[in-house]
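Novice: Enclosed is the structure file target-v2.tsv (TSV, C-alpha atoms).
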```
chain	number	residue	atom	x	y	z
A	26	MET	CA	-87.40	50.82	-4.91
A	27	LYS	CA	-83.94	49.47	-4.31
A	28	PHE	CA	-80.84	51.60	-4.52
A	29	GLU	CA	-77.16	50.82	-4.33
A	30	ALA	CA	-74.97	53.25	-2.41
A	31	HIS	CA	-71.21	53.65	-2.80
A	32	ILE	CA	-69.71	55.39	0.22
A	33	ASN	CA	-66.18	56.77	0.53
A	34	ILE	CA	-64.85	57.50	4.01
A	35	MET	CA	-61.48	59.23	4.19
A	36	PRO	CA	-59.38	60.62	7.06
A	37	HIS	CA	-59.63	64.43	7.20
A	38	LYS	CA	-56.94	66.20	5.16
A	39	ALA	CA	-55.64	68.00	8.23
A	40	LEU	CA	-55.06	64.76	10.15
A	41	LEU	CA	-52.01	62.57	10.06
A	42	ASP	CA	-52.87	59.22	8.45
A	43	PRO	CA	-50.36	56.73	9.91
A	44	GLN	CA	-51.50	53.85	7.70
A	45	GLY	CA	-51.11	56.01	4.60
A	46	LYS	CA	-47.69	57.19	5.78
A	47	ALA	CA	-46.56	53.58	6.20
A	48	VAL	CA	-47.80	52.67	2.72
A	49	THR	CA	-46.05	55.71	1.22
A	50	GLY	CA	-42.81	54.49	2.80
A	51	SER	CA	-43.30	50.99	1.41
A	52	MET	CA	-43.66	52.33	-2.14
A	53	LYS	CA	-39.94	53.14	-2.14
A	54	ASN	CA	-39.14	49.57	-1.11
A	55	ILE	CA	-41.06	48.07	-4.02
A	56	GLY	CA	-39.40	50.37	-6.56
A	57	LEU	CA	-42.14	52.98	-6.91
A	58	PRO	CA	-40.68	56.15	-5.36
A	59	GLN	CA	-42.83	58.21	-7.78
A	60	ILE	CA	-45.86	57.43	-5.62
A	61	ASN	CA	-46.49	59.80	-2.75
A	62	ASN	CA	-49.05	61.14	-0.34
A	63	VAL	CA	-50.98	57.88	0.08
A	64	ARG	CA	-54.12	58.13	2.19
A	65	VAL	CA	-56.10	55.09	3.25
A	66	GLY	CA	-59.83	55.18	3.92
A	67	LYS	CA	-62.84	52.91	3.62
A	68	ARG	CA	-65.08	52.09	0.69
A	69	ILE	CA	-68.50	50.72	1.61
A	70	THR	CA	-71.23	49.50	-0.71
A	71	LEU	CA	-74.75	48.68	0.46
A	72	GLU	CA	-78.30	48.25	-0.73
A	73	VAL	CA	-81.18	50.30	0.60
A	74	GLU	CA	-84.92	49.83	0.13
A	75	ALA	CA	-86.79	53.15	0.00
A	76	ASP	CA	-89.81	54.81	-1.63
A	77	ASN	CA	-87.70	57.30	-3.53
A	78	GLU	CA	-84.16	58.55	-3.98
A	79	ASP	CA	-84.51	61.36	-1.43
A	80	LYS	CA	-85.52	58.94	1.31
A	81	ALA	CA	-82.73	56.53	0.35
A	82	LYS	CA	-80.26	59.42	0.54
A	83	GLN	CA	-81.52	60.33	4.02
A	84	MET	CA	-81.13	56.76	5.25
A	85	VAL	CA	-77.61	56.36	3.89
A	86	ASP	CA	-76.65	59.70	5.41
A	87	GLU	CA	-78.05	58.58	8.77
A	88	ALA	CA	-76.12	55.29	8.55
A	89	CYS	CA	-72.89	57.19	7.83
A	90	LYS	CA	-73.41	59.61	10.73
A	91	LYS	CA	-74.54	57.02	13.29
A	92	LEU	CA	-72.41	54.03	12.40
A	93	LEU	CA	-70.05	54.09	9.47
A	94	ALA	CA	-68.00	57.29	9.73
A	95	ASN	CA	-66.32	58.88	12.71
A	96	GLN	CA	-66.91	62.52	11.85
A	97	ILE	CA	-64.24	63.75	14.23
A	98	MET	CA	-61.55	62.02	12.19
A	99	GLU	CA	-63.20	61.21	8.87
A	100	SER	CA	-65.24	62.80	6.13
A	101	TYR	CA	-67.58	60.90	3.85
A	102	ASP	CA	-69.39	61.22	0.57
A	103	PHE	CA	-71.59	58.83	-1.35
A	104	THR	CA	-73.40	58.23	-4.60
A	105	LEU	CA	-76.71	56.43	-5.11
A	106	GLN	CA	-77.99	54.55	-8.08
A	107	PRO	CA	-81.25	52.67	-8.64
A	108	LEU	CA	-80.92	48.89	-8.88
B	4	MET	CA	-46.74	65.44	-14.70
B	5	LYS	CA	-48.53	64.70	-11.48
B	6	PHE	CA	-51.65	62.56	-11.30
B	7	GLU	CA	-54.02	61.72	-8.50
B	8	ALA	CA	-55.30	58.15	-8.31
B	9	HIS	CA	-58.46	57.00	-6.53
B	10	ILE	CA	-58.34	53.27	-5.87
B	11	ASN	CA	-61.24	51.10	-4.69
B	12	ILE	CA	-60.41	47.69	-3.24
B	13	MET	CA	-63.38	45.43	-2.47
B	14	PRO	CA	-63.70	41.84	-1.25
B	15	HIS	CA	-64.64	39.50	-4.11
B	16	LYS	CA	-68.40	39.09	-4.54
B	17	ALA	CA	-68.12	35.31	-4.01
B	18	LEU	CA	-66.41	35.70	-0.63
B	19	LEU	CA	-68.03	36.11	2.73
B	20	ASP	CA	-67.29	39.58	4.10
B	21	PRO	CA	-67.50	39.23	7.89
B	22	GLN	CA	-67.04	42.95	8.55
B	23	GLY	CA	-69.83	43.78	6.12
B	24	LYS	CA	-72.08	41.13	7.67
B	25	ALA	CA	-71.51	42.64	11.12
B	26	VAL	CA	-72.34	46.13	9.85
B	27	THR	CA	-75.50	44.83	8.12
B	28	GLY	CA	-76.58	43.37	11.47
B	29	SER	CA	-75.92	46.66	13.25
B	30	MET	CA	-78.16	48.56	10.83
B	31	LYS	CA	-81.20	46.91	12.42
B	32	ASN	CA	-80.06	48.04	15.87
B	33	ILE	CA	-79.85	51.69	14.83
B	34	GLY	CA	-83.31	51.61	13.24
B	35	LEU	CA	-82.31	51.16	9.59
B	36	PRO	CA	-83.50	47.64	8.66
B	37	GLN	CA	-83.97	48.87	5.07
B	38	ILE	CA	-80.19	48.73	4.62
B	39	ASN	CA	-78.79	45.39	3.50
B	40	ASN	CA	-75.90	43.64	1.85
B	41	VAL	CA	-73.17	45.91	3.26
B	42	ARG	CA	-69.68	45.21	1.97
B	43	VAL	CA	-66.61	46.91	3.39
B	44	GLY	CA	-63.47	47.54	1.38
B	45	LYS	CA	-60.68	50.08	1.16
B	46	ARG	CA	-60.47	53.44	-0.57
B	47	ILE	CA	-56.96	54.70	-1.25
B	48	THR	CA	-55.89	57.99	-2.78
B	49	LEU	CA	-52.34	58.73	-3.84
B	50	GLU	CA	-50.25	61.01	-6.03
B	51	VAL	CA	-47.99	59.71	-8.73
B	52	GLU	CA	-45.32	61.53	-10.76
B	53	ALA	CA	-45.07	60.23	-14.34
B	54	ASP	CA	-44.30	61.37	-17.88
B	55	ASN	CA	-47.78	60.58	-19.13
B	56	GLU	CA	-51.08	59.03	-18.13
B	57	ASP	CA	-50.20	55.59	-19.48
B	58	LYS	CA	-47.06	55.38	-17.36
B	59	ALA	CA	-48.95	56.63	-14.30
B	60	LYS	CA	-51.58	53.95	-14.89
B	61	GLN	CA	-48.89	51.27	-15.09
B	62	MET	CA	-47.33	52.40	-11.81
B	63	VAL	CA	-50.62	52.52	-9.94
B	64	ASP	CA	-51.51	49.08	-11.29
B	65	GLU	CA	-48.15	47.75	-10.10
B	66	ALA	CA	-48.67	49.28	-6.66
B	67	CYS	CA	-52.09	47.63	-6.41
B	68	LYS	CA	-50.77	44.23	-7.47
B	69	LYS	CA	-47.60	44.28	-5.35
B	70	LEU	CA	-48.75	46.04	-2.22
B	71	LEU	CA	-52.27	47.40	-1.89
B	72	ALA	CA	-54.65	44.64	-2.95
B	73	ASN	CA	-54.64	40.96	-2.08
B	74	GLN	CA	-55.88	39.58	-5.38
B	75	ILE	CA	-56.86	36.24	-3.88
B	76	MET	CA	-59.50	37.94	-1.74
B	77	GLU	CA	-59.96	41.36	-3.28
B	78	SER	CA	-60.57	43.04	-6.61
B	79	TYR	CA	-59.56	46.60	-7.37
B	80	ASP	CA	-60.25	49.40	-9.82
B	81	PHE	CA	-58.96	52.93	-10.04
B	82	THR	CA	-59.32	56.25	-11.78
B	83	LEU	CA	-56.58	58.74	-12.60
B	84	GLN	CA	-56.80	62.48	-13.02
B	85	PRO	CA	-54.09	65.04	-13.74
B	86	LEU	CA	-53.30	67.42	-10.88
```
Turn the structure described in the file into structure tokens.

Specialist:
Amino acid sequence: MKFEAHINIMPHKALLDPQGKAVTGSMKNIGLPQINNVRVGKRITLEVEADNEDKAKQMVDEACKKLLANQIMESYDFTLQPL
Amino acid sequence: MKFEAHINIMPHKALLDPQGKAVTGSMKNIGLPQINNVRVGKRITLEVEADNEDKAKQMVDEACKKLLANQIMESYDFTLQPL
């Protein structure tokens, strides 16, 4: 079975996010001072071939831990759906 | 009222995504050849102060168009929820 995974990787809440801070500052310059507290992370989609949803979940989790997310600075979550 | 927006910005389907291609290649090296077709985009969260949901939606859309997304190469979608 084929599944599609949607992964969100965000900087930890406790950490300073310099890219987000810069974007928050720019909002004022484009006339949107009502926008605040911008945080910038990654959105990753991928396809995984697995016997069942549990195994697909395990593989995506392994990919996040080993390659996609830096768990010292980032947290991740994902959803799976059959294709 | 305060709303939180979750924005997903992804490279257009028709475009080559070199970062995603590189990550797809790396999956084989970490023992996950079942993972394919990786695409890497951005996930942005922000807070917006607005009178109502419609106005908040307008502001987030403007921020995406003017600053966050490059519409030539990327498409975006977002969800809003009251805080």

Novice: Once chain B is superposed on chain A with a least-squares fit on all C-alpha pairs taken in order, can you show it as a tab-separated table (two decimals) with C-alpha atoms, keeping the file's coordinate frame?

Specialist:
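As a result, selection.tsv now contains:
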```
chain	number	residue	atom	x	y	z
B	4	MET	CA	-87.41	50.80	-4.93
B	5	LYS	CA	-83.95	49.46	-4.32
B	6	PHE	CA	-80.84	51.61	-4.52
B	7	GLU	CA	-77.17	50.83	-4.32
B	8	ALA	CA	-74.97	53.25	-2.40
B	9	HIS	CA	-71.21	53.65	-2.80
B	10	ILE	CA	-69.72	55.39	0.23
B	11	ASN	CA	-66.18	56.76	0.52
B	12	ILE	CA	-64.86	57.50	4.01
B	13	MET	CA	-61.48	59.24	4.18
B	14	PRO	CA	-59.38	60.62	7.04
B	15	HIS	CA	-59.62	64.42	7.20
B	16	LYS	CA	-56.94	66.18	5.15
B	17	ALA	CA	-55.64	67.99	8.26
B	18	LEU	CA	-55.05	64.74	10.16
B	19	LEU	CA	-52.00	62.55	10.08
B	20	ASP	CA	-52.85	59.22	8.45
B	21	PRO	CA	-50.36	56.73	9.91
B	22	GLN	CA	-51.50	53.85	7.69
B	23	GLY	CA	-51.11	56.01	4.60
B	24	LYS	CA	-47.68	57.20	5.76
B	25	ALA	CA	-46.56	53.58	6.19
B	26	VAL	CA	-47.80	52.67	2.71
B	27	THR	CA	-46.05	55.72	1.20
B	28	GLY	CA	-42.82	54.50	2.80
B	29	SER	CA	-43.31	51.00	1.41
B	30	MET	CA	-43.66	52.33	-2.14
B	31	LYS	CA	-39.94	53.13	-2.16
B	32	ASN	CA	-39.13	49.57	-1.12
B	33	ILE	CA	-41.05	48.05	-4.02
B	34	GLY	CA	-39.39	50.36	-6.55
B	35	LEU	CA	-42.13	52.98	-6.91
B	36	PRO	CA	-40.67	56.17	-5.36
B	37	GLN	CA	-42.82	58.20	-7.79
B	38	ILE	CA	-45.85	57.41	-5.62
B	39	ASN	CA	-46.49	59.80	-2.75
B	40	ASN	CA	-49.05	61.15	-0.35
B	41	VAL	CA	-50.98	57.88	0.09
B	42	ARG	CA	-54.11	58.13	2.20
B	43	VAL	CA	-56.11	55.09	3.25
B	44	GLY	CA	-59.82	55.18	3.93
B	45	LYS	CA	-62.84	52.92	3.64
B	46	ARG	CA	-65.08	52.09	0.70
B	47	ILE	CA	-68.49	50.71	1.61
B	48	THR	CA	-71.23	49.50	-0.70
B	49	LEU	CA	-74.73	48.70	0.47
B	50	GLU	CA	-78.30	48.26	-0.73
B	51	VAL	CA	-81.15	50.30	0.60
B	52	GLU	CA	-84.91	49.83	0.13
B	53	ALA	CA	-86.79	53.15	-0.02
B	54	ASP	CA	-89.80	54.80	-1.63
B	55	ASN	CA	-87.69	57.30	-3.54
B	56	GLU	CA	-84.15	58.56	-3.99
B	57	ASP	CA	-84.51	61.34	-1.43
B	58	LYS	CA	-85.54	58.92	1.30
B	59	ALA	CA	-82.73	56.53	0.35
B	60	LYS	CA	-80.27	59.42	0.55
B	61	GLN	CA	-81.53	60.33	4.02
B	62	MET	CA	-81.13	56.75	5.26
B	63	VAL	CA	-77.62	56.36	3.89
B	64	ASP	CA	-76.66	59.71	5.41
B	65	GLU	CA	-78.04	58.58	8.77
B	66	ALA	CA	-76.12	55.30	8.55
B	67	CYS	CA	-72.90	57.20	7.83
B	68	LYS	CA	-73.42	59.61	10.72
B	69	LYS	CA	-74.55	57.03	13.28
B	70	LEU	CA	-72.42	54.04	12.41
B	71	LEU	CA	-70.04	54.10	9.47
B	72	ALA	CA	-68.01	57.30	9.72
B	73	ASN	CA	-66.34	58.88	12.72
B	74	GLN	CA	-66.91	62.52	11.85
B	75	ILE	CA	-64.24	63.75	14.23
B	76	MET	CA	-61.56	62.00	12.19
B	77	GLU	CA	-63.21	61.21	8.88
B	78	SER	CA	-65.24	62.82	6.14
B	79	TYR	CA	-67.57	60.90	3.86
B	80	ASP	CA	-69.39	61.22	0.56
B	81	PHE	CA	-71.60	58.84	-1.34
B	82	THR	CA	-73.41	58.22	-4.58
B	83	LEU	CA	-76.72	56.44	-5.08
B	84	GLN	CA	-77.99	54.56	-8.09
B	85	PRO	CA	-81.25	52.67	-8.62
B	86	LEU	CA	-80.92	48.89	-8.90
```

Novice: With distances taken over all atoms listed in the file, which of A:Asn77, A:Tyr101, A:Glu72, A:Lys82 is nearest to chain B?

Specialist: A:Glu72

Novice: Looking at B:Glu52, B:Asp57, B:Glu77, B:Asp64, which one is nearest to chain A, with distances taken over only C-alpha atoms?

Specialist: B:Glu52

Novice: What separation in Å, quoted to one decimal, exists between CA of Ser51 in chain A and CA of Arg68 in chain A?

Specialist: 21.8 Å

Novice: If we count all atoms listed in the file, which residues of chain A reach to within 8 Å of chain B? Please list them as a list in words.

Specialist: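 Every residue of chain A that passes the 8 Å test is in Asn33, Ile34, Met35, Met52, Ile55, Leu57, Gln59, Ile60, Asn61, Asn62, Val63, Arg64, Val65, Gly66, Lys67, Arg68, Ile69, Thr70, Leu71, Glu72, Val73, Glu74, Ala75, Met84, Ala88 and Lys91 of chain A.
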
Novice: Deliver the residues from the most recent selection as a file, using C-alpha atoms, as a PDB file, in the frame of the given file.

Specialist:
```pdb
ATOM      1  CA  ASN A  33     -66.180  56.770   0.530  1.00  0.00           C
ATOM      2  CA  ILE A  34     -64.850  57.500   4.010  1.00  0.00           C
ATOM      3  CA  MET A  35     -61.480  59.230   4.190  1.00  0.00           C
ATOM      4  CA  MET A  52     -43.660  52.330  -2.140  1.00  0.00           C
ATOM      5  CA  ILE A  55     -41.060  48.070  -4.020  1.00  0.00           C
ATOM      6  CA  LEU A  57     -42.140  52.980  -6.910  1.00  0.00           C
ATOM      7  CA  GLN A  59     -42.830  58.210  -7.780  1.00  0.00           C
ATOM      8  CA  ILE A  60     -45.860  57.430  -5.620  1.00  0.00           C
ATOM      9  CA  ASN A  61     -46.490  59.800  -2.750  1.00  0.00           C
ATOM     10  CA  ASN A  62     -49.050  61.140  -0.340  1.00  0.00           C
ATOM     11  CA  VAL A  63     -50.980  57.880   0.080  1.00  0.00           C
ATOM     12  CA  ARG A  64     -54.120  58.130   2.190  1.00  0.00           C
ATOM     13  CA  VAL A  65     -56.100  55.090   3.250  1.00  0.00           C
ATOM     14  CA  GLY A  66     -59.830  55.180   3.920  1.00  0.00           C
ATOM     15  CA  LYS A  67     -62.840  52.910   3.620  1.00  0.00           C
ATOM     16  CA  ARG A  68     -65.080  52.090   0.690  1.00  0.00           C
ATOM     17  CA  ILE A  69     -68.500  50.720   1.610  1.00  0.00           C
ATOM     18  CA  THR A  70     -71.230  49.500  -0.710  1.00  0.00           C
ATOM     19  CA  LEU A  71     -74.750  48.680   0.460  1.00  0.00           C
ATOM     20  CA  GLU A  72     -78.300  48.250  -0.730  1.00  0.00           C
ATOM     21  CA  VAL A  73     -81.180  50.300   0.600  1.00  0.00           C
ATOM     22  CA  GLU A  74     -84.920  49.830   0.130  1.00  0.00           C
ATOM     23  CA  ALA A  75     -86.790  53.150   0.000  1.00  0.00           C
ATOM     24  CA  MET A  84     -81.130  56.760   5.250  1.00  0.00           C
ATOM     25  CA  ALA A  88     -76.120  55.290   8.550  1.00  0.00           C
ATOM     26  CA  LYS A  91     -74.540  57.020  13.290  1.00  0.00           C
TER      27      LYS A  91
END
```

Novice: What's the separation between CA of Lys53 in chain A and CA of Met98 in chain A, in Å to one decimal place?

Specialist: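 Distance between the two atoms: 27.4 Å.
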
Novice: Could you work out how far CA of Pro36 in chain A lies from CA of Gln74 in chain B, giving the answer in Å with one decimal?

Specialist: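 Separation of CA of Gln74 in chain B and CA of Pro36 in chain A: 24.7 Å.
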
Novice: Report as JSON the centre and the edge lengths, in Å to one decimal, of the axis-aligned box holding every listed atom of range 54-68 of chain A, padded by 8 Å on each side.

Specialist:
```
{"center_x": -52.1, "center_y": 54.6, "center_z": -1.9, "size_x": 41.9, "size_y": 29.1, "size_z": 27.7}
```
